[in-house]
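Shown here: protein.pdb, PDB, C-alpha atoms.
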```pdb
ATOM      1  CA  MET A   1      78.340 125.644  85.854  1.00  0.00           C
ATOM      2  CA  ILE A   2      75.837 126.985  88.360  1.00  0.00           C
ATOM      3  CA  ASP A   3      72.394 125.394  88.385  1.00  0.00           C
ATOM      4  CA  PRO A   4      70.073 128.434  88.236  1.00  0.00           C
ATOM      5  CA  ARG A   5      67.142 126.380  89.535  1.00  0.00           C
ATOM      6  CA  LEU A   6      68.838 125.237  92.753  1.00  0.00           C
ATOM      7  CA  ALA A   7      71.409 127.967  93.452  1.00  0.00           C
ATOM      8  CA  PRO A   8      68.896 130.226  95.256  1.00  0.00           C
ATOM      9  CA  TYR A   9      68.151 127.373  97.687  1.00  0.00           C
ATOM     10  CA  ALA A  10      71.852 126.720  98.242  1.00  0.00           C
ATOM     11  CA  LEU A  11      72.234 130.395  99.143  1.00  0.00           C
ATOM     12  CA  LEU A  12      69.201 130.118 101.428  1.00  0.00           C
ATOM     13  CA  LEU A  13      70.914 127.230 103.256  1.00  0.00           C
ATOM     14  CA  LEU A  14      74.127 129.240 103.553  1.00  0.00           C
ATOM     15  CA  ARG A  15      72.189 132.301 104.729  1.00  0.00           C
ATOM     16  CA  VAL A  16      70.224 130.414 107.399  1.00  0.00           C
ATOM     17  CA  SER A  17      73.334 128.607 108.655  1.00  0.00           C
ATOM     18  CA  LEU A  18      75.409 131.779 108.825  1.00  0.00           C
ATOM     19  CA  GLY A  19      72.610 133.755 110.467  1.00  0.00           C
ATOM     20  CA  VAL A  20      71.953 131.109 113.119  1.00  0.00           C
ATOM     21  CA  MET A  21      75.691 130.894 113.847  1.00  0.00           C
ATOM     22  CA  PHE A  22      75.913 134.660 114.469  1.00  0.00           C
ATOM     23  CA  ILE A  23      72.814 134.664 116.680  1.00  0.00           C
ATOM     24  CA  ALA A  24      74.140 131.674 118.674  1.00  0.00           C
ATOM     25  CA  HIS A  25      77.480 133.397 119.259  1.00  0.00           C
ATOM     26  CA  ALA A  26      75.755 136.613 120.386  1.00  0.00           C
ATOM     27  CA  TRP A  27      73.584 134.596 122.769  1.00  0.00           C
ATOM     28  CA  LEU A  28      76.651 132.757 124.092  1.00  0.00           C
ATOM     29  CA  LYS A  29      78.324 136.080 124.908  1.00  0.00           C
ATOM     30  CA  VAL A  30      75.213 137.372 126.711  1.00  0.00           C
ATOM     31  CA  ALA A  31      73.924 134.259 128.490  1.00  0.00           C
ATOM     32  CA  VAL A  32      77.088 132.272 129.227  1.00  0.00           C
ATOM     33  CA  PHE A  33      80.136 134.537 129.207  1.00  0.00           C
ATOM     34  CA  THR A  34      78.142 137.706 130.075  1.00  0.00           C
ATOM     35  CA  VAL A  35      78.971 140.946 128.301  1.00  0.00           C
ATOM     36  CA  PRO A  36      81.287 142.119 131.115  1.00  0.00           C
ATOM     37  CA  GLY A  37      83.065 138.752 130.951  1.00  0.00           C
ATOM     38  CA  PHE A  38      83.394 139.057 127.187  1.00  0.00           C
ATOM     39  CA  ALA A  39      84.685 142.621 127.612  1.00  0.00           C
ATOM     40  CA  GLY A  40      87.358 141.284 129.954  1.00  0.00           C
ATOM     41  CA  PHE A  41      88.294 138.620 127.412  1.00  0.00           C
ATOM     42  CA  MET A  42      88.536 141.241 124.686  1.00  0.00           C
ATOM     43  CA  ALA A  43      90.821 143.394 126.849  1.00  0.00           C
ATOM     44  CA  GLN A  44      92.973 140.359 127.619  1.00  0.00           C
ATOM     45  CA  ALA A  45      93.191 139.630 123.864  1.00  0.00           C
ATOM     46  CA  GLY A  46      94.356 143.188 123.165  1.00  0.00           C
ATOM     47  CA  PHE A  47      91.081 144.714 121.957  1.00  0.00           C
ATOM     48  CA  PRO A  48      89.325 147.669 123.611  1.00  0.00           C
ATOM     49  CA  ALA A  49      86.825 146.359 126.165  1.00  0.00           C
ATOM     50  CA  PHE A  50      84.234 148.941 125.078  1.00  0.00           C
ATOM     51  CA  LEU A  51      83.840 146.999 121.809  1.00  0.00           C
ATOM     52  CA  ALA A  52      82.090 144.129 123.620  1.00  0.00           C
ATOM     53  CA  TRP A  53      78.566 145.517 123.174  1.00  0.00           C
ATOM     54  CA  PRO A  54      79.115 146.573 119.541  1.00  0.00           C
ATOM     55  CA  VAL A  55      80.403 143.063 118.746  1.00  0.00           C
ATOM     56  CA  VAL A  56      77.428 141.401 120.451  1.00  0.00           C
ATOM     57  CA  LEU A  57      74.989 143.718 118.677  1.00  0.00           C
ATOM     58  CA  ALA A  58      76.724 143.219 115.322  1.00  0.00           C
ATOM     59  CA  GLU A  59      76.437 139.465 115.754  1.00  0.00           C
ATOM     60  CA  LEU A  60      72.798 139.636 116.832  1.00  0.00           C
ATOM     61  CA  VAL A  61      71.510 142.222 114.358  1.00  0.00           C
ATOM     62  CA  GLY A  62      73.738 140.951 111.546  1.00  0.00           C
ATOM     63  CA  GLY A  63      72.696 137.375 112.278  1.00  0.00           C
ATOM     64  CA  LEU A  64      69.000 138.262 112.211  1.00  0.00           C
ATOM     65  CA  ALA A  65      69.409 140.236 108.973  1.00  0.00           C
ATOM     66  CA  ILE A  66      71.282 137.373 107.336  1.00  0.00           C
ATOM     67  CA  LEU A  67      68.860 134.737 108.649  1.00  0.00           C
ATOM     68  CA  PHE A  68      65.751 136.498 107.365  1.00  0.00           C
ATOM     69  CA  GLY A  69      67.324 137.850 104.209  1.00  0.00           C
ATOM     70  CA  VAL A  70      67.046 141.527 105.046  1.00  0.00           C
ATOM     71  CA  TYR A  71      69.902 142.985 103.015  1.00  0.00           C
ATOM     72  CA  ALA A  72      71.798 139.762 103.761  1.00  0.00           C
ATOM     73  CA  ARG A  73      74.614 140.506 101.328  1.00  0.00           C
ATOM     74  CA  ALA A  74      75.312 143.838 102.979  1.00  0.00           C
ATOM     75  CA  ALA A  75      74.964 142.334 106.465  1.00  0.00           C
ATOM     76  CA  ALA A  76      77.480 139.627 105.562  1.00  0.00           C
ATOM     77  CA  VAL A  77      79.983 142.307 104.539  1.00  0.00           C
ATOM     78  CA  LEU A  78      79.333 144.309 107.714  1.00  0.00           C
ATOM     79  CA  THR A  79      80.051 141.251 109.901  1.00  0.00           C
ATOM     80  CA  LEU A  80      83.496 140.736 108.345  1.00  0.00           C
ATOM     81  CA  PRO A  81      85.313 142.966 110.894  1.00  0.00           C
ATOM     82  CA  VAL A  82      83.863 140.861 113.743  1.00  0.00           C
ATOM     83  CA  LEU A  83      85.004 137.688 112.004  1.00  0.00           C
ATOM     84  CA  ALA A  84      88.432 139.185 111.294  1.00  0.00           C
ATOM     85  CA  GLY A  85      88.760 140.026 114.993  1.00  0.00           C
ATOM     86  CA  ALA A  86      87.872 136.433 115.901  1.00  0.00           C
ATOM     87  CA  LEU A  87      90.465 135.210 113.412  1.00  0.00           C
ATOM     88  CA  MET A  88      93.096 137.446 115.000  1.00  0.00           C
ATOM     89  CA  VAL A  89      92.251 136.137 118.478  1.00  0.00           C
ATOM     90  CA  HIS A  90      92.643 132.509 117.375  1.00  0.00           C
ATOM     91  CA  ALA A  91      95.490 132.933 114.857  1.00  0.00           C
ATOM     92  CA  GLY A  92      98.246 131.976 117.282  1.00  0.00           C
ATOM     93  CA  ASN A  93      96.503 128.851 118.541  1.00  0.00           C
ATOM     94  CA  GLY A  94      97.111 126.626 115.544  1.00  0.00           C
ATOM     95  CA  TRP A  95      94.843 125.477 112.753  1.00  0.00           C
ATOM     96  CA  VAL A  96      92.328 123.082 114.336  1.00  0.00           C
ATOM     97  CA  PHE A  97      89.577 124.618 116.460  1.00  0.00           C
ATOM     98  CA  ASN A  98      89.918 121.935 119.158  1.00  0.00           C
ATOM     99  CA  ALA A  99      93.445 123.223 119.877  1.00  0.00           C
ATOM    100  CA  PRO A 100      93.828 124.904 123.275  1.00  0.00           C
ATOM    101  CA  ASN A 101      91.900 128.223 123.113  1.00  0.00           C
ATOM    102  CA  GLY A 102      90.553 127.281 119.668  1.00  0.00           C
ATOM    103  CA  GLY A 103      92.352 127.302 116.343  1.00  0.00           C
ATOM    104  CA  TRP A 104      91.743 129.623 113.454  1.00  0.00           C
ATOM    105  CA  GLU A 105      90.113 127.354 110.864  1.00  0.00           C
ATOM    106  CA  TYR A 106      86.549 128.049 112.042  1.00  0.00           C
ATOM    107  CA  PRO A 107      86.813 131.863 111.912  1.00  0.00           C
ATOM    108  CA  ALA A 108      88.577 131.556 108.527  1.00  0.00           C
ATOM    109  CA  PHE A 109      85.767 129.351 107.220  1.00  0.00           C
ATOM    110  CA  LEU A 110      83.153 131.808 108.473  1.00  0.00           C
ATOM    111  CA  ILE A 111      84.951 134.648 106.685  1.00  0.00           C
ATOM    112  CA  ALA A 112      84.830 132.607 103.477  1.00  0.00           C
ATOM    113  CA  ALA A 113      81.119 131.833 104.030  1.00  0.00           C
ATOM    114  CA  ALA A 114      80.292 135.518 104.608  1.00  0.00           C
ATOM    115  CA  ILE A 115      82.217 136.509 101.479  1.00  0.00           C
ATOM    116  CA  VAL A 116      80.390 133.857  99.435  1.00  0.00           C
ATOM    117  CA  GLN A 117      77.046 135.142 100.735  1.00  0.00           C
ATOM    118  CA  ALA A 118      78.009 138.711  99.870  1.00  0.00           C
ATOM    119  CA  LEU A 119      79.220 137.823  96.387  1.00  0.00           C
ATOM    120  CA  ALA A 120      76.613 135.246  95.379  1.00  0.00           C
ATOM    121  CA  GLY A 121      73.421 136.851  96.626  1.00  0.00           C
ATOM    122  CA  ASP A 122      70.655 136.735  99.186  1.00  0.00           C
ATOM    123  CA  GLY A 123      69.140 133.459  97.991  1.00  0.00           C
ATOM    124  CA  ALA A 124      65.560 132.199  98.048  1.00  0.00           C
ATOM    125  CA  LEU A 125      62.931 133.554 100.440  1.00  0.00           C
ATOM    126  CA  ALA A 126      64.855 136.732 101.274  1.00  0.00           C
ATOM    127  CA  LEU A 127      62.555 139.310 102.810  1.00  0.00           C
ATOM    128  CA  ARG A 128      64.448 142.299 101.427  1.00  0.00           C
ATOM    129  CA  ALA A 129      67.135 141.631  98.823  1.00  0.00           C
ATOM    130  CA  THR A 130      70.270 143.749  98.792  1.00  0.00           C
ATOM    131  CA  PRO A 131      70.074 146.152  95.845  1.00  0.00           C
ATOM    132  CA  VAL A 132      72.638 145.379  93.174  1.00  0.00           C
ATOM    133  CA  PRO A 133      73.757 148.125  90.806  1.00  0.00           C
ATOM    134  CA  ALA A 134      72.796 147.539  87.196  1.00  0.00           C
ATOM    135  CA  THR A 135      75.655 146.409  85.017  1.00  0.00           C
ATOM    136  CA  ARG A 136      76.475 147.953  81.706  1.00  0.00           C
ATOM    137  CA  PRO A 137      76.675 145.771  78.639  1.00  0.00           C
ATOM    138  CA  ALA A 138      80.192 145.320  77.341  1.00  0.00           C
ATOM    139  CA  LEU A 139      81.165 147.778  74.649  1.00  0.00           C
ATOM    140  CA  ALA A 140      81.394 146.251  71.216  1.00  0.00           C
ATOM    141  CA  ALA A 141      84.929 146.036  69.953  1.00  0.00           C
ATOM    142  CA  THR A 142      85.606 148.434  67.124  1.00  0.00           C
ATOM    143  CA  ALA A 143      87.940 147.571  64.296  1.00  0.00           C
TER     144      ALA A 143
END
```

How does the structure come out when it is put into structure tokens?
Amino acid sequence: MIDPRLAPYALLLLRVSLGVMFIAHAWLKVAVFTVPGFAGFMAQAGFPAFLAWPVVLAELVGGLAILFGVYARAAAVLTLPVLAGALMVHAGNGWVFNAPNGGWEYPAFLIAAAIVQALAGDGALALRATPVPATRPALAATA
């Protein structure tokens, strides 16, 4: 059973953690690896190098949207291709992330976290909640 009093704060914690993670990874690509260096890595991994800037921007803008709760559910869904790409890069390295070149458990966990955020909601203190379509009441069974 979900505790309706505390669940929004659990989602807030998930949202802040996920948002900060995306922002940190965008910053890492800009400040440490550099975007041209990241583009070279992407090409070496079999991805088009021109996707380097879109990935960095998706991580930064998506991370900020998730962090501040600006359509966080939608932003979590929109970051899934970036996370799937990271999973593909690390898939052949083994499970544990401290394996040479990093394993795939961390990207897999982040995919699960983004899906949970998208399914469960924006959480407490969201600046702009993702609109959710109204549901129809179940039709009464006729005999």

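The shortest atom-to-atom distance to Ile66 (chain A), with all atoms listed in the file taken into account, belongs to A:Ala129 out of A:Ala10, A:Ile2, A:Ala129, A:Leu119.
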
From the options A:Gly85, A:Pro100, A:Gly94, A:Pro131, which residue's atoms come nearest to Ala52 (chain A), counting all atoms listed in the file? A:Gly85

Selection near Ala26 (chain A), 6 Å with only C-alpha atoms, sequence-local residues under 4 positions removed, as a PyMOL selection string: chain A and resi 56+59-60

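Minimum distance to Leu87 (chain A) across A:Leu6, A:Ala43, A:Ile111, A:Ala99 (counting only C-alpha atoms) occurs at A:Ile111.
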
Name every residue that the PyMOL selection byres ((chain A and resi 13) around 12) selects in this structure, writing the answer as a PDB file with C-alpha atoms, keeping the file's coordinate frame with chains first and numbers rising.
```pdb
ATOM      1  CA  LEU A   6      68.838 125.237  92.753  1.00  0.00           C
ATOM      2  CA  ALA A   7      71.409 127.967  93.452  1.00  0.00           C
ATOM      3  CA  PRO A   8      68.896 130.226  95.256  1.00  0.00           C
ATOM      4  CA  TYR A   9      68.151 127.373  97.687  1.00  0.00           C
ATOM      5  CA  ALA A  10      71.852 126.720  98.242  1.00  0.00           C
ATOM      6  CA  LEU A  11      72.234 130.395  99.143  1.00  0.00           C
ATOM      7  CA  LEU A  12      69.201 130.118 101.428  1.00  0.00           C
ATOM      8  CA  LEU A  14      74.127 129.240 103.553  1.00  0.00           C
ATOM      9  CA  ARG A  15      72.189 132.301 104.729  1.00  0.00           C
ATOM     10  CA  VAL A  16      70.224 130.414 107.399  1.00  0.00           C
ATOM     11  CA  SER A  17      73.334 128.607 108.655  1.00  0.00           C
ATOM     12  CA  LEU A  18      75.409 131.779 108.825  1.00  0.00           C
ATOM     13  CA  GLY A  19      72.610 133.755 110.467  1.00  0.00           C
ATOM     14  CA  VAL A  20      71.953 131.109 113.119  1.00  0.00           C
ATOM     15  CA  ILE A  66      71.282 137.373 107.336  1.00  0.00           C
ATOM     16  CA  LEU A  67      68.860 134.737 108.649  1.00  0.00           C
ATOM     17  CA  PHE A  68      65.751 136.498 107.365  1.00  0.00           C
ATOM     18  CA  GLY A  69      67.324 137.850 104.209  1.00  0.00           C
ATOM     19  CA  ALA A 113      81.119 131.833 104.030  1.00  0.00           C
ATOM     20  CA  GLN A 117      77.046 135.142 100.735  1.00  0.00           C
ATOM     21  CA  GLY A 121      73.421 136.851  96.626  1.00  0.00           C
ATOM     22  CA  ASP A 122      70.655 136.735  99.186  1.00  0.00           C
ATOM     23  CA  GLY A 123      69.140 133.459  97.991  1.00  0.00           C
ATOM     24  CA  ALA A 124      65.560 132.199  98.048  1.00  0.00           C
ATOM     25  CA  LEU A 125      62.931 133.554 100.440  1.00  0.00           C
ATOM     26  CA  ALA A 126      64.855 136.732 101.274  1.00  0.00           C
TER      27      ALA A 126
END
```

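CA of Ala24 (chain A) is found 13.8 Å from CA of Ala65 (chain A).
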
List the spatial neighbours of Pro107 (chain A) as a PyMOL selection string - criterion: any atom at most 10 Å away, all atoms listed in the file, same-chain residues fewer than 2 positions off excluded. chain A and resi 82-91+97+102-105+109-113

Kindly provide, as lines of an AutoDock Vina configuration file, the centre and edge lengths (Å, one decimal) of an axis-aligned box around all atoms of region 97-114 of chain A given in the file, with 8 Å on each side.
```
center_x = 87.1
center_y = 128.7
center_z = 113.4
size_x = 29.5
size_y = 29.6
size_z = 35.8
```

May I have the residues within 7 Å of Ala114 (chain A) as a count of residues only, using all atoms listed in the file and disregarding those fewer than 4 positions away in the same chain? 4

At what distance in Å, to one decimal, does CA of Leu28 (chain A) lie from CA of Ala108 (chain A)?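 Straight-line distance from CA of Ala108 (chain A) to CA of Leu28 (chain A) works out to 19.6 Å.
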
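CA of Phe38 (chain A) lies 18.9 Å from CA of Leu80 (chain A).
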
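These residues, each with an atom at most 10 Å from (72.6, 148.9, 96.5) using only C-alpha atoms, are Tyr71, Arg73, Ala74, Ala129, Thr130, Pro131, Val132, Pro133 and Ala134 of chain A.
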
May I have the residues from that selection written out with C-alpha atoms, as an mmCIF file, in the frame of the given file?
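Result written to part.cif:
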```
data_model
loop_
_atom_site.group_PDB
_atom_site.id
_atom_site.type_symbol
_atom_site.label_atom_id
_atom_site.label_comp_id
_atom_site.auth_asym_id
_atom_site.auth_seq_id
_atom_site.Cartn_x
_atom_site.Cartn_y
_atom_site.Cartn_z
ATOM 1 C CA TYR A 71 69.902 142.985 103.015
ATOM 2 C CA ARG A 73 74.614 140.506 101.328
ATOM 3 C CA ALA A 74 75.312 143.838 102.979
ATOM 4 C CA ALA A 129 67.135 141.631 98.823
ATOM 5 C CA THR A 130 70.270 143.749 98.792
ATOM 6 C CA PRO A 131 70.074 146.152 95.845
ATOM 7 C CA VAL A 132 72.638 145.379 93.174
ATOM 8 C CA PRO A 133 73.757 148.125 90.806
ATOM 9 C CA ALA A 134 72.796 147.539 87.196
#
```

When you count all atoms listed in the file, which of these residues is closest to Gly62 (chain A): A:Ala120, A:Ala39, A:Ile23, A:Ala49?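 Under the stated criterion, the closest residue is A:Ile23.
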
Selected residue, from A:Phe33, A:Asn101, A:Thr135, A:Val61, that lies nearest to Ala45 (chain A) when counting only C-alpha atoms: A:Asn101

With distances taken over all atoms listed in the file, which of A:Asn93, A:Ala58, A:Asn98, A:Pro81 is nearest to His25 (chain A)? A:Ala58
